[in-house]
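Here's run.cif, which has mmCIF, C-alpha atoms and all ligand atoms; chains and numbers go by the auth columns:
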```cif
data_my_file
loop_
_atom_site.group_PDB
_atom_site.id
_atom_site.type_symbol
_atom_site.label_atom_id
_atom_site.label_comp_id
_atom_site.label_asym_id
_atom_site.label_seq_id
_atom_site.Cartn_x
_atom_site.Cartn_y
_atom_site.Cartn_z
_atom_site.B_iso_or_equiv
_atom_site.auth_seq_id
_atom_site.auth_asym_id
ATOM 1 C CA MET A 1 -33.251 14.087 28.417 0.00 67 M
ATOM 2 C CA LEU A 2 -29.812 14.101 26.779 0.00 68 M
ATOM 3 C CA SER A 3 -29.759 16.158 23.578 0.00 69 M
ATOM 4 C CA LEU A 4 -27.528 15.112 20.697 0.00 70 M
ATOM 5 C CA VAL A 5 -26.266 16.627 17.478 0.00 71 M
ATOM 6 C CA VAL A 6 -24.999 13.898 15.141 0.00 72 M
ATOM 7 C CA LEU A 7 -22.529 14.702 12.354 0.00 73 M
ATOM 8 C CA ILE A 8 -22.311 12.453 9.300 0.00 74 M
ATOM 9 C CA SER A 9 -20.623 12.303 5.900 0.00 75 M
ATOM 10 C CA GLY A 10 -22.241 9.194 4.429 0.00 76 M
ATOM 11 C CA GLY A 11 -25.271 6.962 4.522 0.00 77 M
ATOM 12 C CA GLY A 12 -25.899 7.322 8.227 0.00 78 M
ATOM 13 C CA SER A 13 -26.842 3.724 9.027 0.00 79 M
ATOM 14 C CA ASN A 14 -25.460 4.099 12.560 0.00 80 M
ATOM 15 C CA LEU A 15 -27.419 7.330 12.897 0.00 81 M
ATOM 16 C CA ARG A 16 -30.558 5.490 11.793 0.00 82 M
ATOM 17 C CA SER A 17 -30.179 3.034 14.684 0.00 83 M
ATOM 18 C CA LEU A 18 -29.746 5.884 17.130 0.00 84 M
ATOM 19 C CA LEU A 19 -32.830 7.631 15.740 0.00 85 M
ATOM 20 C CA ALA A 20 -34.787 4.390 16.002 0.00 86 M
ATOM 21 C CA ALA A 21 -33.698 4.007 19.647 0.00 87 M
ATOM 22 C CA CYS A 22 -34.749 7.601 20.337 0.00 88 M
ATOM 23 C CA GLN A 23 -38.268 6.832 19.143 0.00 89 M
ATOM 24 C CA ASP A 24 -38.749 4.717 22.256 0.00 90 M
ATOM 25 C CA ALA A 25 -40.388 6.989 24.827 0.00 91 M
ATOM 26 C CA ASP A 26 -38.246 5.386 27.548 0.00 92 M
ATOM 27 C CA PHE A 27 -34.946 6.097 25.783 0.00 93 M
ATOM 28 C CA PRO A 28 -33.296 8.979 27.667 0.00 94 M
ATOM 29 C CA ALA A 29 -31.845 10.884 24.684 0.00 95 M
ATOM 30 C CA ARG A 30 -33.021 12.718 21.578 0.00 96 M
ATOM 31 C CA VAL A 31 -31.256 13.775 18.380 0.00 97 M
ATOM 32 C CA VAL A 32 -32.014 17.496 17.989 0.00 98 M
ATOM 33 C CA ALA A 33 -30.162 18.027 14.699 0.00 99 M
ATOM 34 C CA ILE A 34 -28.151 16.197 12.056 0.00 100 M
ATOM 35 C CA GLY A 35 -25.189 17.961 10.467 0.00 101 M
ATOM 36 C CA ALA A 36 -22.967 17.083 7.527 0.00 102 M
ATOM 37 C CA ASP A 37 -19.858 18.356 5.771 0.00 103 M
ATOM 38 C CA ARG A 38 -21.252 17.462 2.335 0.00 104 M
ATOM 39 C CA ASP A 39 -24.455 16.440 0.601 0.00 105 M
ATOM 40 C CA ALA A 40 -24.557 13.157 2.547 0.00 106 M
ATOM 41 C CA ASP A 41 -27.236 10.555 1.790 0.00 107 M
ATOM 42 C CA GLY A 42 -27.933 10.247 5.514 0.00 108 M
ATOM 43 C CA LEU A 43 -29.347 13.776 5.601 0.00 109 M
ATOM 44 C CA ASP A 44 -32.547 12.226 4.209 0.00 110 M
ATOM 45 C CA LEU A 45 -33.016 10.693 7.657 0.00 111 M
ATOM 46 C CA GLY A 46 -33.851 14.196 8.883 0.00 112 M
ATOM 47 C CA GLU A 47 -36.991 14.271 6.796 0.00 113 M
ATOM 48 C CA GLU A 48 -37.850 10.663 7.606 0.00 114 M
ATOM 49 C CA PHE A 49 -37.565 11.210 11.365 0.00 115 M
ATOM 50 C CA GLY A 50 -38.685 14.863 11.447 0.00 116 M
ATOM 51 C CA ILE A 51 -35.322 16.223 12.578 0.00 117 M
ATOM 52 C CA SER A 52 -33.614 19.417 11.426 0.00 118 M
ATOM 53 C CA THR A 53 -30.489 19.149 9.330 0.00 119 M
ATOM 54 C CA PHE A 54 -27.668 21.490 8.427 0.00 120 M
ATOM 55 C CA THR A 55 -24.771 21.228 6.011 0.00 121 M
ATOM 56 C CA VAL A 56 -21.475 23.074 6.302 0.00 122 M
ATOM 57 C CA PRO A 57 -19.620 22.123 3.094 0.00 123 M
ATOM 58 C CA PHE A 58 -15.908 21.826 3.698 0.00 124 M
ATOM 59 C CA THR A 59 -15.152 22.861 0.140 0.00 125 M
ATOM 60 C CA SER A 60 -16.949 26.226 0.394 0.00 126 M
ATOM 61 C CA HIS A 61 -14.656 27.585 3.088 0.00 127 M
ATOM 62 C CA PRO A 62 -11.213 29.137 2.605 0.00 128 M
ATOM 63 C CA SER A 63 -9.573 27.128 5.394 0.00 129 M
ATOM 64 C CA ARG A 64 -10.193 24.244 7.767 0.00 130 M
ATOM 65 C CA ASP A 65 -10.424 26.700 10.650 0.00 131 M
ATOM 66 C CA ALA A 66 -13.026 28.837 8.855 0.00 132 M
ATOM 67 C CA TRP A 67 -15.061 25.717 8.087 0.00 133 M
ATOM 68 C CA GLY A 68 -14.729 24.537 11.685 0.00 134 M
ATOM 69 C CA ASP A 69 -15.856 27.883 13.087 0.00 135 M
ATOM 70 C CA GLU A 70 -18.999 27.801 10.943 0.00 136 M
ATOM 71 C CA LEU A 71 -19.663 24.184 11.924 0.00 137 M
ATOM 72 C CA LEU A 72 -19.286 25.055 15.618 0.00 138 M
ATOM 73 C CA GLU A 73 -21.645 27.984 15.189 0.00 139 M
ATOM 74 C CA GLN A 74 -24.270 25.705 13.650 0.00 140 M
ATOM 75 C CA ILE A 75 -23.817 23.077 16.371 0.00 141 M
ATOM 76 C CA ARG A 76 -24.102 25.668 19.147 0.00 142 M
ATOM 77 C CA GLN A 77 -27.468 26.855 17.872 0.00 143 M
ATOM 78 C CA TRP A 78 -28.787 23.512 19.084 0.00 144 M
ATOM 79 C CA ALA A 79 -27.005 23.638 22.459 0.00 145 M
ATOM 80 C CA PRO A 80 -26.549 19.867 22.496 0.00 146 M
ATOM 81 C CA ASP A 81 -25.316 18.007 25.556 0.00 147 M
ATOM 82 C CA VAL A 82 -23.236 15.713 23.347 0.00 148 M
ATOM 83 C CA VAL A 83 -22.059 15.767 19.709 0.00 149 M
ATOM 84 C CA VAL A 84 -21.647 12.380 18.004 0.00 150 M
ATOM 85 C CA LEU A 85 -19.422 11.921 14.960 0.00 151 M
ATOM 86 C CA SER A 86 -21.002 8.979 13.191 0.00 152 M
ATOM 87 C CA GLY A 87 -19.151 8.358 9.958 0.00 153 M
ATOM 88 C CA PHE A 88 -18.009 11.995 9.834 0.00 154 M
ATOM 89 C CA MET A 89 -14.976 11.866 7.572 0.00 155 M
ATOM 90 C CA ARG A 90 -13.265 15.194 8.341 0.00 156 M
ATOM 91 C CA LEU A 91 -10.785 16.029 11.039 0.00 157 M
ATOM 92 C CA LEU A 92 -12.178 18.774 13.235 0.00 158 M
ATOM 93 C CA PRO A 93 -9.879 21.757 13.841 0.00 159 M
ATOM 94 C CA PRO A 94 -8.322 21.762 17.345 0.00 160 M
ATOM 95 C CA ARG A 95 -10.393 24.731 18.507 0.00 161 M
ATOM 96 C CA VAL A 96 -13.626 22.936 17.640 0.00 162 M
ATOM 97 C CA VAL A 97 -12.450 19.861 19.523 0.00 163 M
ATOM 98 C CA ALA A 98 -11.409 22.023 22.489 0.00 164 M
ATOM 99 C CA ALA A 99 -14.833 23.696 22.514 0.00 165 M
ATOM 100 C CA LEU A 100 -16.799 20.428 22.532 0.00 166 M
ATOM 101 C CA SER A 101 -14.627 17.713 24.112 0.00 167 M
ATOM 102 C CA PRO A 102 -15.194 15.622 26.222 0.00 168 M
ATOM 103 C CA ASN A 103 -18.828 15.858 25.096 0.00 169 M
ATOM 104 C CA LEU A 104 -17.716 14.779 21.627 0.00 170 M
ATOM 105 C CA LEU A 105 -17.875 11.106 20.641 0.00 171 M
ATOM 106 C CA ASN A 106 -16.654 9.216 17.589 0.00 172 M
ATOM 107 C CA THR A 107 -17.471 5.723 16.402 0.00 173 M
ATOM 108 C CA HIS A 108 -14.579 3.869 14.792 0.00 174 M
ATOM 109 C CA PRO A 109 -14.637 0.542 12.918 0.00 175 M
ATOM 110 C CA ALA A 110 -11.623 -1.052 14.633 0.00 176 M
ATOM 111 C CA TYR A 111 -10.448 -2.035 18.095 0.00 177 M
ATOM 112 C CA LEU A 112 -8.500 1.103 18.940 0.00 178 M
ATOM 113 C CA PRO A 113 -5.644 1.778 19.341 0.00 179 M
ATOM 114 C CA GLU A 114 -5.366 -0.806 16.534 0.00 180 M
ATOM 115 C CA PHE A 115 -5.986 0.541 13.023 0.00 181 M
ATOM 116 C CA PRO A 116 -6.747 4.247 13.549 0.00 182 M
ATOM 117 C CA GLY A 117 -7.454 6.553 10.608 0.00 183 M
ATOM 118 C CA ALA A 118 -9.848 6.633 7.694 0.00 184 M
ATOM 119 C CA HIS A 119 -9.344 3.011 6.566 0.00 185 M
ATOM 120 C CA GLY A 120 -9.636 1.005 9.760 0.00 186 M
ATOM 121 C CA VAL A 121 -11.457 -1.910 8.139 0.00 187 M
ATOM 122 C CA ARG A 122 -9.209 -2.098 5.066 0.00 188 M
ATOM 123 C CA ASP A 123 -6.087 -1.867 7.226 0.00 189 M
ATOM 124 C CA ALA A 124 -7.251 -4.699 9.499 0.00 190 M
ATOM 125 C CA LEU A 125 -7.912 -6.936 6.481 0.00 191 M
ATOM 126 C CA ALA A 126 -4.561 -6.073 4.943 0.00 192 M
ATOM 127 C CA ALA A 127 -2.808 -6.916 8.218 0.00 193 M
ATOM 128 C CA GLY A 128 -4.364 -10.387 8.169 0.00 194 M
ATOM 129 C CA VAL A 129 -5.571 -10.252 11.778 0.00 195 M
ATOM 130 C CA ALA A 130 -8.031 -12.846 13.075 0.00 196 M
ATOM 131 C CA GLU A 131 -10.137 -10.257 14.824 0.00 197 M
ATOM 132 C CA THR A 132 -10.677 -6.547 14.718 0.00 198 M
ATOM 133 C CA GLY A 133 -13.494 -4.649 16.404 0.00 199 M
ATOM 134 C CA ALA A 134 -15.541 -1.539 17.001 0.00 200 M
ATOM 135 C CA SER A 135 -14.788 1.367 19.331 0.00 201 M
ATOM 136 C CA LEU A 136 -16.502 4.422 20.715 0.00 202 M
ATOM 137 C CA ILE A 137 -14.143 7.133 21.917 0.00 203 M
ATOM 138 C CA VAL A 138 -14.083 10.667 23.203 0.00 204 M
ATOM 139 C CA VAL A 139 -12.551 12.846 20.498 0.00 205 M
ATOM 140 C CA ASP A 140 -9.520 14.809 21.538 0.00 206 M
ATOM 141 C CA THR A 141 -6.859 16.513 19.500 0.00 207 M
ATOM 142 C CA GLY A 142 -5.174 13.347 18.160 0.00 208 M
ATOM 143 C CA VAL A 143 -6.450 11.033 15.423 0.00 209 M
ATOM 144 C CA ASP A 144 -8.595 8.276 16.941 0.00 210 M
ATOM 145 C CA ASP A 145 -6.543 8.198 20.151 0.00 211 M
ATOM 146 C CA GLY A 146 -8.989 9.720 22.622 0.00 212 M
ATOM 147 C CA PRO A 147 -10.247 7.939 25.750 0.00 213 M
ATOM 148 C CA ILE A 148 -12.149 4.739 24.958 0.00 214 M
ATOM 149 C CA ILE A 149 -15.745 4.662 26.210 0.00 215 M
ATOM 150 C CA ALA A 150 -16.690 1.237 24.832 0.00 216 M
ATOM 151 C CA GLN A 151 -15.266 -1.342 22.470 0.00 217 M
ATOM 152 C CA GLU A 152 -15.875 -4.890 21.385 0.00 218 M
ATOM 153 C CA ARG A 153 -14.070 -7.484 19.294 0.00 219 M
ATOM 154 C CA VAL A 154 -15.398 -8.622 15.900 0.00 220 M
ATOM 155 C CA PRO A 155 -13.885 -11.713 14.209 0.00 221 M
ATOM 156 C CA VAL A 156 -12.525 -11.524 10.668 0.00 222 M
ATOM 157 C CA LEU A 157 -14.101 -14.432 8.763 0.00 223 M
ATOM 158 C CA PRO A 158 -12.596 -16.393 5.857 0.00 224 M
ATOM 159 C CA GLY A 159 -13.563 -14.691 2.596 0.00 225 M
ATOM 160 C CA ASP A 160 -14.399 -11.383 4.281 0.00 226 M
ATOM 161 C CA THR A 161 -14.283 -8.355 2.002 0.00 227 M
ATOM 162 C CA GLU A 162 -13.924 -4.816 3.295 0.00 228 M
ATOM 163 C CA ALA A 163 -17.684 -4.387 2.806 0.00 229 M
ATOM 164 C CA SER A 164 -18.754 -7.619 4.521 0.00 230 M
ATOM 165 C CA LEU A 165 -16.450 -7.029 7.481 0.00 231 M
ATOM 166 C CA HIS A 166 -17.498 -3.388 7.784 0.00 232 M
ATOM 167 C CA ASP A 167 -21.178 -4.409 7.755 0.00 233 M
ATOM 168 C CA ARG A 168 -20.606 -6.783 10.689 0.00 234 M
ATOM 169 C CA ILE A 169 -18.557 -4.193 12.568 0.00 235 M
ATOM 170 C CA LYS A 170 -21.277 -1.593 12.096 0.00 236 M
ATOM 171 C CA ILE A 171 -23.808 -3.869 13.790 0.00 237 M
ATOM 172 C CA VAL A 172 -21.579 -3.775 16.877 0.00 238 M
ATOM 173 C CA GLU A 173 -20.858 -0.039 16.524 0.00 239 M
ATOM 174 C CA ARG A 174 -24.583 0.699 16.564 0.00 240 M
ATOM 175 C CA ARG A 175 -25.154 -1.318 19.710 0.00 241 M
ATOM 176 C CA LEU A 176 -22.171 0.310 21.470 0.00 242 M
ATOM 177 C CA LEU A 177 -23.341 3.783 20.466 0.00 243 M
ATOM 178 C CA VAL A 178 -26.928 3.317 21.614 0.00 244 M
ATOM 179 C CA GLN A 179 -25.801 1.773 24.919 0.00 245 M
ATOM 180 C CA ALA A 180 -23.209 4.496 25.551 0.00 246 M
ATOM 181 C CA VAL A 181 -25.728 7.258 24.872 0.00 247 M
ATOM 182 C CA ARG A 182 -28.083 5.592 27.337 0.00 248 M
ATOM 183 C CA ASP A 183 -25.294 5.278 29.920 0.00 249 M
ATOM 184 C CA ILE A 184 -24.295 8.924 29.516 0.00 250 M
ATOM 185 C CA ALA A 185 -27.901 10.066 29.769 0.00 251 M
ATOM 186 C CA THR A 186 -28.512 8.058 32.932 0.00 252 M
ATOM 187 C CA GLY A 187 -25.231 9.109 34.540 0.00 253 M
ATOM 188 C CA HIS A 188 -23.649 5.660 34.435 0.00 254 M
ATOM 189 C CA VAL A 189 -20.897 7.111 32.255 0.00 255 M
ATOM 190 C CA ASP A 190 -19.497 10.539 33.088 0.00 256 M
ATOM 191 C CA LEU A 191 -17.667 11.955 30.083 0.00 257 M
ATOM 192 C CA LYS A 192 -15.775 14.413 32.289 0.00 258 M
ATOM 193 C CA GLU A 193 -13.947 11.409 33.728 0.00 259 M
ATOM 194 C CA HIS A 194 -12.868 10.479 30.196 0.00 260 M
ATOM 195 C CA SER A 195 -10.951 13.556 29.243 0.00 261 M
ATOM 196 C CA HIS A 196 -7.336 13.962 28.185 0.00 262 M
ATOM 197 C CA ILE A 197 -7.643 17.689 27.456 0.00 263 M
HETATM 198 C C1 LIG B . -18.879 3.658 10.545 0.00 301 M
HETATM 199 O O1 LIG B . -18.214 2.428 10.484 0.00 301 M
HETATM 200 C C2 LIG B . -18.037 4.677 11.250 0.00 301 M
HETATM 201 O O2 LIG B . -17.363 4.186 12.350 0.00 301 M
HETATM 202 C C3 LIG B . -17.078 5.028 10.152 0.00 301 M
HETATM 203 O O3 LIG B . -17.930 5.186 9.035 0.00 301 M
HETATM 204 C C4 LIG B . -19.022 4.289 9.177 0.00 301 M
HETATM 205 C C5 LIG B . -20.288 5.074 9.044 0.00 301 M
HETATM 206 O O4 LIG B . -21.275 4.330 8.437 0.00 301 M
HETATM 207 N N1 LIG B . -16.265 6.149 10.480 0.00 301 M
HETATM 208 P P1 LIG B . -22.757 4.900 8.294 0.00 301 M
HETATM 209 O O5 LIG B . -22.685 6.206 7.542 0.00 301 M
HETATM 210 O O6 LIG B . -23.313 5.075 9.677 0.00 301 M
HETATM 211 O O7 LIG B . -23.475 3.826 7.529 0.00 301 M
#
```
This entry written out as structure tokens:
Amino acid sequence: MLSLVVLISGGGSNLRSLLAACQDADFPARVVAIGADRDADGLDLGEEFGISTFTVPFTSHPSRDAWGDELLEQIRQWAPDVVVLSGFMRLLPPRVVAALSPNLLNTHPAYLPEFPGAHGVRDALAAGVAETGASLIVVDTGVDDGPIIAQERVPVLPGDTEASLHDRIKIVERRLLVQAVRDIATGHVDLKEHSHI
């Protein structure tokens, strides 16, 4: 059984799909803890699904490295096989990435390497592209440029707003995430083969 710690900053709708998948006895992974860098709404999913949560507030630490060290400490208490960043809106310090990668995944709402960064959906709309996408990558020390595990195109529709497009992308992100976790757990994907560092 693959054990996961999932880190969030927001509502955690992608996390909810993963938790729902994990409720299936045949699904080969379990979320052992949910972590956040702030008082994220998605932490409520811990109570709903009976899963422990922890919060390491970025703003209560003197530096990014100090925050990262505390976050790593909390993650390690759960000894997860894989850590998933699912809407986690902070850059991890390099030493945290080095400690966890390649067993460190990030979902991104664009077809990387197109539109990296915090505003992937907005940037795709502003660029006027006909299609964007969803990606799941291994996190390494760059910004959204780690090895791609899975990705899929999503069309931009006439009249799309950032919210409507993001909602459709997230449907794909959730499916990619659940399938990738299954593939990693069953050995069909070996994260060690997807490592730049
Ligand atoms: C996802 O699109 C993720 O890729 C991005 O933030 C969104 C998280 O949404 N970084 P949610 O919190 O899972 O609803």
Give me the chain M side of the contact with ligand LIG 301 (chain M), cut-off 6 Å, one line per residue showing its nearest atom pair and distance in Å at one decimal, counting only C-alpha atoms and all ligand atoms, sorted by chain and residue number, as a Markdown table.
```
| residue | atom | partner | partner_atom | distance |
| --- | --- | --- | --- | --- |
| M:Gly76 | CA | M:LIG301 | O5 | 4.3 |
| M:Gly77 | CA | M:LIG301 | O5 | 4.0 |
| M:Gly78 | CA | M:LIG301 | O5 | 3.5 |
| M:Ser79 | CA | M:LIG301 | O7 | 3.7 |
| M:Asn80 | CA | M:LIG301 | O6 | 3.7 |
| M:Leu81 | CA | M:LIG301 | O6 | 5.7 |
| M:Ser152 | CA | M:LIG301 | C2 | 5.6 |
| M:Gly153 | CA | M:LIG301 | O3 | 3.5 |
| M:Thr173 | CA | M:LIG301 | O2 | 4.3 |
| M:His174 | CA | M:LIG301 | O2 | 3.7 |
| M:Pro175 | CA | M:LIG301 | O2 | 4.6 |
| M:Lys236 | CA | M:LIG301 | O1 | 5.3 |
```
| task | Compile the contact shell of M:Thr207 as an MDAnalysis selection string: residues with an atom at most 8 Å away, counting all atoms listed in the file, same-chain residues fewer than 3 positions apart removed. | result | chainID M and resid 160 163:164 212
| Residue members of the PyMOL selection byres (((chain M and resi 237-246) around 6) and not hetatm) in the file shown, as a ChimeraX atom specification | /M:80,84,200,234-236,247-249
Put those residues in a file: C-alpha atoms, as an mmCIF file, in the frame of the given file.
```cif
data_model
loop_
_atom_site.group_PDB
_atom_site.id
_atom_site.type_symbol
_atom_site.label_atom_id
_atom_site.label_comp_id
_atom_site.auth_asym_id
_atom_site.auth_seq_id
_atom_site.Cartn_x
_atom_site.Cartn_y
_atom_site.Cartn_z
ATOM 1 C CA ASN M 80 -25.460 4.099 12.560
ATOM 2 C CA LEU M 84 -29.746 5.884 17.130
ATOM 3 C CA ALA M 200 -15.541 -1.539 17.001
ATOM 4 C CA ARG M 234 -20.606 -6.783 10.689
ATOM 5 C CA ILE M 235 -18.557 -4.193 12.568
ATOM 6 C CA LYS M 236 -21.277 -1.593 12.096
ATOM 7 C CA VAL M 247 -25.728 7.258 24.872
ATOM 8 C CA ARG M 248 -28.083 5.592 27.337
ATOM 9 C CA ASP M 249 -25.294 5.278 29.920
#
```
| task | Rank nothing, just name the residue among M:Ala251, M:Ile100, M:Leu70, M:Ala176 nearest to M:Phe120, using only C-alpha atoms. | result | M:Ile100
| request: Using the chain letters and residue numbers of this document, give as an MDAnalysis selection string the residues selected by the PyMOL selection byres (((chain M and resi 105-114) around 12) and not hetatm). | output: chainID M and resid 71:86 97:104 115:125 152:155
| Which of these residues is nearest to M:Asp210, using all atoms listed in the file: M:Leu166, M:Leu191, M:Leu157, M:Leu231? |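 Ranking M:Leu166, M:Leu191, M:Leu157, M:Leu231 by distance to M:Asp210, first place goes to M:Leu157.
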| request: Name the residues that the PyMOL selection byres (((chain M and resi 91-95) around 6) and not hetatm) picks from the file above, as a ChimeraX atom specification, using the file's chain letters and numbers. | output: /M:67-69,88,90,96,251
| said: Given all atoms listed in the file as the basis, pick out the residue of M:Val204, M:Val150, M:Ala145, M:Leu158 nearest to M:Ala132. | reply: M:Leu158
| said: Here is a test: counting all atoms listed in the file, which residue of M:Leu178, M:Leu170, M:Val162, M:Ala196 is nearest to M:Glu218? | reply: M:Leu178
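You can rank M:Ile250, M:Leu171, M:Ala193, M:Ala229 by their closest distance to M:Asp211 using only C-alpha atoms, and at the top of that list sits M:Leu171.
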| field | Selected residue, from M:Val209, M:Val255, M:Ile203, M:Val187, that lies nearest to M:Pro221 when counting all atoms listed in the file | value |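 Closest to M:Pro221 of all the choices is M:Val187.
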Can you report as JSON the centre and edge lengths in Å, to one decimal, of an axis-aligned box around the listed atoms of stretch 190-194 of chain M padded with 8 Å on each side?
```
{"center_x": -5.4, "center_y": -7.5, "center_z": 7.2, "size_x": 21.1, "size_y": 21.7, "size_z": 20.6}
```
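Here atom CA of M:Ser261 and atom CA of M:Val205 stand 8.9 Å from one another.
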| Got a sec: who's within 8 Å of M:Ala190, counting all atoms listed in the file, leaving out chain neighbours fewer than 5 positions off, as JSON, numbers by chain? | {"M": [176, 181, 195, 198]}
| request: Figure out the distance between atom CA of M:Asn172 and atom CA of M:Trp133, please, to one decimal in Å. | output: 19.1 Å
| request: Within 12 Å of M:Glu259, counting only C-alpha atoms, which residues show up once you throw out same-chain ones fewer than 6 positions away? Write them as JSON, numbers by chain, please. | output: {"M": [167, 168, 169, 204, 213, 214, 215, 250, 253]}
